[in-house]
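Note: the block below is work-v8.cif and it holds mmCIF, C-alpha atoms, pLDDT in the B column; chains and numbers go by the auth columns.
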```cif
data_start
#
loop_
_atom_site.group_PDB
_atom_site.id
_atom_site.type_symbol
_atom_site.label_atom_id
_atom_site.label_comp_id
_atom_site.label_asym_id
_atom_site.label_seq_id
_atom_site.Cartn_x
_atom_site.Cartn_y
_atom_site.Cartn_z
_atom_site.B_iso_or_equiv
_atom_site.auth_seq_id
_atom_site.auth_asym_id
ATOM 1 C CA MET A 1 208.865 7.693 -141.229 68.00 54 A
ATOM 2 C CA ARG A 2 206.541 9.152 -138.622 90.00 55 A
ATOM 3 C CA ILE A 3 206.793 6.194 -136.250 87.00 56 A
ATOM 4 C CA GLN A 4 210.578 6.173 -136.575 87.00 57 A
ATOM 5 C CA GLU A 5 210.701 9.864 -135.659 89.00 58 A
ATOM 6 C CA ASN A 6 208.440 9.233 -132.662 89.00 59 A
ATOM 7 C CA ILE A 7 210.698 6.444 -131.454 86.00 60 A
ATOM 8 C CA TYR A 8 213.831 8.577 -131.846 88.00 61 A
ATOM 9 C CA ASN A 9 212.220 11.493 -130.014 90.00 62 A
ATOM 10 C CA THR A 10 211.043 9.283 -127.176 91.00 63 A
ATOM 11 C CA ILE A 11 214.492 7.756 -126.772 89.00 64 A
ATOM 12 C CA ARG A 12 216.168 11.168 -126.798 92.00 65 A
ATOM 13 C CA GLU A 13 213.930 12.235 -123.906 93.00 66 A
ATOM 14 C CA MET A 14 214.757 9.199 -121.734 90.00 67 A
ATOM 15 C CA ASN A 15 216.990 9.434 -118.693 92.00 68 A
ATOM 16 C CA ILE A 16 219.840 7.014 -118.056 92.00 69 A
ATOM 17 C CA ASN A 17 217.715 4.610 -115.984 90.00 70 A
ATOM 18 C CA GLU A 18 215.065 4.386 -118.685 89.00 71 A
ATOM 19 C CA LEU A 19 217.716 3.879 -121.362 89.00 72 A
ATOM 20 C CA THR A 20 219.345 1.121 -119.337 89.00 73 A
ATOM 21 C CA LEU A 21 216.024 -0.652 -118.903 89.00 74 A
ATOM 22 C CA LEU A 22 215.217 -0.284 -122.609 88.00 75 A
ATOM 23 C CA HIS A 23 218.614 -1.693 -123.534 88.00 76 A
ATOM 24 C CA GLU A 24 218.082 -4.715 -121.285 86.00 77 A
ATOM 25 C CA GLN A 25 214.638 -5.334 -122.779 85.00 78 A
ATOM 26 C CA ILE A 26 216.031 -5.210 -126.311 82.00 79 A
ATOM 27 C CA ARG A 27 218.870 -7.545 -125.326 79.00 80 A
ATOM 28 C CA LEU A 28 216.350 -9.957 -123.840 78.00 81 A
ATOM 29 C CA LEU A 29 214.205 -9.883 -126.970 74.00 82 A
ATOM 30 C CA LYS A 30 217.225 -10.718 -129.103 73.00 83 A
ATOM 31 C CA LYS A 31 218.060 -13.645 -126.806 68.00 84 A
ATOM 32 C CA THR A 32 214.578 -15.126 -126.890 65.00 85 A
ATOM 33 C CA LYS A 33 214.157 -15.223 -130.660 62.00 86 A
ATOM 34 C CA THR A 34 213.311 -18.673 -131.915 52.00 87 A
ATOM 35 C CA ILE A 35 213.848 -20.356 -135.241 48.00 88 A
ATOM 36 C CA SER A 36 210.974 -22.791 -135.245 47.00 89 A
ATOM 37 C CA ILE A 37 208.877 -24.336 -132.493 50.00 90 A
ATOM 38 C CA ASN A 38 208.903 -27.716 -134.167 50.00 91 A
ATOM 39 C CA LYS A 39 212.695 -27.778 -134.581 54.00 92 A
ATOM 40 C CA ILE A 40 213.333 -26.915 -130.931 55.00 93 A
ATOM 41 C CA THR A 41 210.991 -29.389 -129.255 54.00 94 A
ATOM 42 C CA GLY A 42 208.898 -32.356 -130.172 55.00 95 A
ATOM 43 C CA ILE A 43 206.052 -31.294 -127.890 53.00 96 A
ATOM 44 C CA SER A 44 202.939 -29.512 -129.034 54.00 97 A
ATOM 45 C CA GLY A 45 203.077 -25.817 -129.868 52.00 98 A
ATOM 46 C CA SER A 46 200.738 -24.785 -127.078 60.00 99 A
ATOM 47 C CA CYS A 47 202.809 -26.597 -124.411 71.00 100 A
ATOM 48 C CA TRP A 48 205.981 -25.095 -125.812 68.00 101 A
ATOM 49 C CA ALA A 49 204.362 -21.648 -125.897 74.00 102 A
ATOM 50 C CA ASP A 50 203.218 -21.920 -122.267 77.00 103 A
ATOM 51 C CA THR A 51 206.695 -22.923 -121.137 77.00 104 A
ATOM 52 C CA ARG A 52 208.332 -20.189 -123.208 79.00 105 A
ATOM 53 C CA THR A 53 205.922 -17.559 -121.839 82.00 106 A
ATOM 54 C CA LYS A 54 206.733 -18.517 -118.248 82.00 107 A
ATOM 55 C CA GLU A 55 210.475 -18.421 -118.931 84.00 108 A
ATOM 56 C CA THR A 56 210.235 -15.054 -120.662 84.00 109 A
ATOM 57 C CA ARG A 57 208.165 -13.545 -117.844 83.00 110 A
ATOM 58 C CA LYS A 58 210.750 -14.693 -115.311 82.00 111 A
ATOM 59 C CA GLN A 59 213.619 -13.284 -117.373 82.00 112 A
ATOM 60 C CA ILE A 60 211.849 -9.945 -117.791 82.00 113 A
ATOM 61 C CA LEU A 61 211.082 -9.708 -114.087 78.00 114 A
ATOM 62 C CA ASP A 62 214.681 -10.569 -113.223 80.00 115 A
ATOM 63 C CA ILE A 63 215.805 -7.644 -115.355 80.00 116 A
ATOM 64 C CA ILE A 64 213.102 -5.093 -114.522 77.00 117 A
ATOM 65 C CA LEU A 65 212.614 -5.568 -110.775 73.00 118 A
ATOM 66 C CA PRO A 66 216.110 -4.435 -109.752 74.00 119 A
ATOM 67 C CA HIS A 67 215.574 -1.193 -111.702 72.00 120 A
ATOM 68 C CA LEU A 68 212.230 -0.296 -110.180 67.00 121 A
ATOM 69 C CA ILE A 69 212.259 2.456 -107.610 62.00 122 A
ATOM 70 C CA LEU A 70 209.743 1.591 -104.914 49.00 123 A
#
```

In structure tokens, what does this structure look like?
Amino acid sequence: MRIQENIYNTIREMNINELTLLHEQIRLLKKTKTISINKITGISGSCWADTRTKETRKQILDIILPHLIL
């Protein structure tokens, strides 16, 4: 229960911008779930993983960059 309490406390202390970013990250994680590498593609796991990593990085940057205050 300790980790759950820590998560709840951290979230309660977040401002609206942080909450928005967290929500987008969670939404992105839900979108990028996969069933099985072998069912999705016929290529090797490492090639699939490299491609998936690049796509995920791009998606994360597309979401995070607009929210960053520079």

Any idea what the distance is between CA of Gln112 in chain A and CA of Gln78 in chain A?
9.7 Å

List the residues selected by the PyMOL selection byres ((chain A and resi 117) around 12) in the file shown, writing them as a PyMOL selection string.
chain A and resi 70-71+73-78+81+110-116+118-122

Restrict the selected residues to C-alpha atoms and save them as a PDB file, in the frame of the given file.
```pdb
ATOM      1  CA  ASN A  70     217.715   4.610-115.984  1.00 90.00           C
ATOM      2  CA  GLU A  71     215.065   4.386-118.685  1.00 89.00           C
ATOM      3  CA  THR A  73     219.345   1.121-119.337  1.00 89.00           C
ATOM      4  CA  LEU A  74     216.024  -0.652-118.903  1.00 89.00           C
ATOM      5  CA  LEU A  75     215.217  -0.284-122.609  1.00 88.00           C
ATOM      6  CA  HIS A  76     218.614  -1.693-123.534  1.00 88.00           C
ATOM      7  CA  GLU A  77     218.082  -4.715-121.285  1.00 86.00           C
ATOM      8  CA  GLN A  78     214.638  -5.334-122.779  1.00 85.00           C
ATOM      9  CA  LEU A  81     216.350  -9.957-123.840  1.00 78.00           C
ATOM     10  CA  ARG A 110     208.165 -13.545-117.844  1.00 83.00           C
ATOM     11  CA  LYS A 111     210.750 -14.693-115.311  1.00 82.00           C
ATOM     12  CA  GLN A 112     213.619 -13.284-117.373  1.00 82.00           C
ATOM     13  CA  ILE A 113     211.849  -9.945-117.791  1.00 82.00           C
ATOM     14  CA  LEU A 114     211.082  -9.708-114.087  1.00 78.00           C
ATOM     15  CA  ASP A 115     214.681 -10.569-113.223  1.00 80.00           C
ATOM     16  CA  ILE A 116     215.805  -7.644-115.355  1.00 80.00           C
ATOM     17  CA  LEU A 118     212.614  -5.568-110.775  1.00 73.00           C
ATOM     18  CA  PRO A 119     216.110  -4.435-109.752  1.00 74.00           C
ATOM     19  CA  HIS A 120     215.574  -1.193-111.702  1.00 72.00           C
ATOM     20  CA  LEU A 121     212.230  -0.296-110.180  1.00 67.00           C
ATOM     21  CA  ILE A 122     212.259   2.456-107.610  1.00 62.00           C
TER      22      ILE A 122
END
```

Find the distance between CA of Ile79 in chain A and CA of Thr104 in chain A and write it in Å to one decimal.
20.7 Å
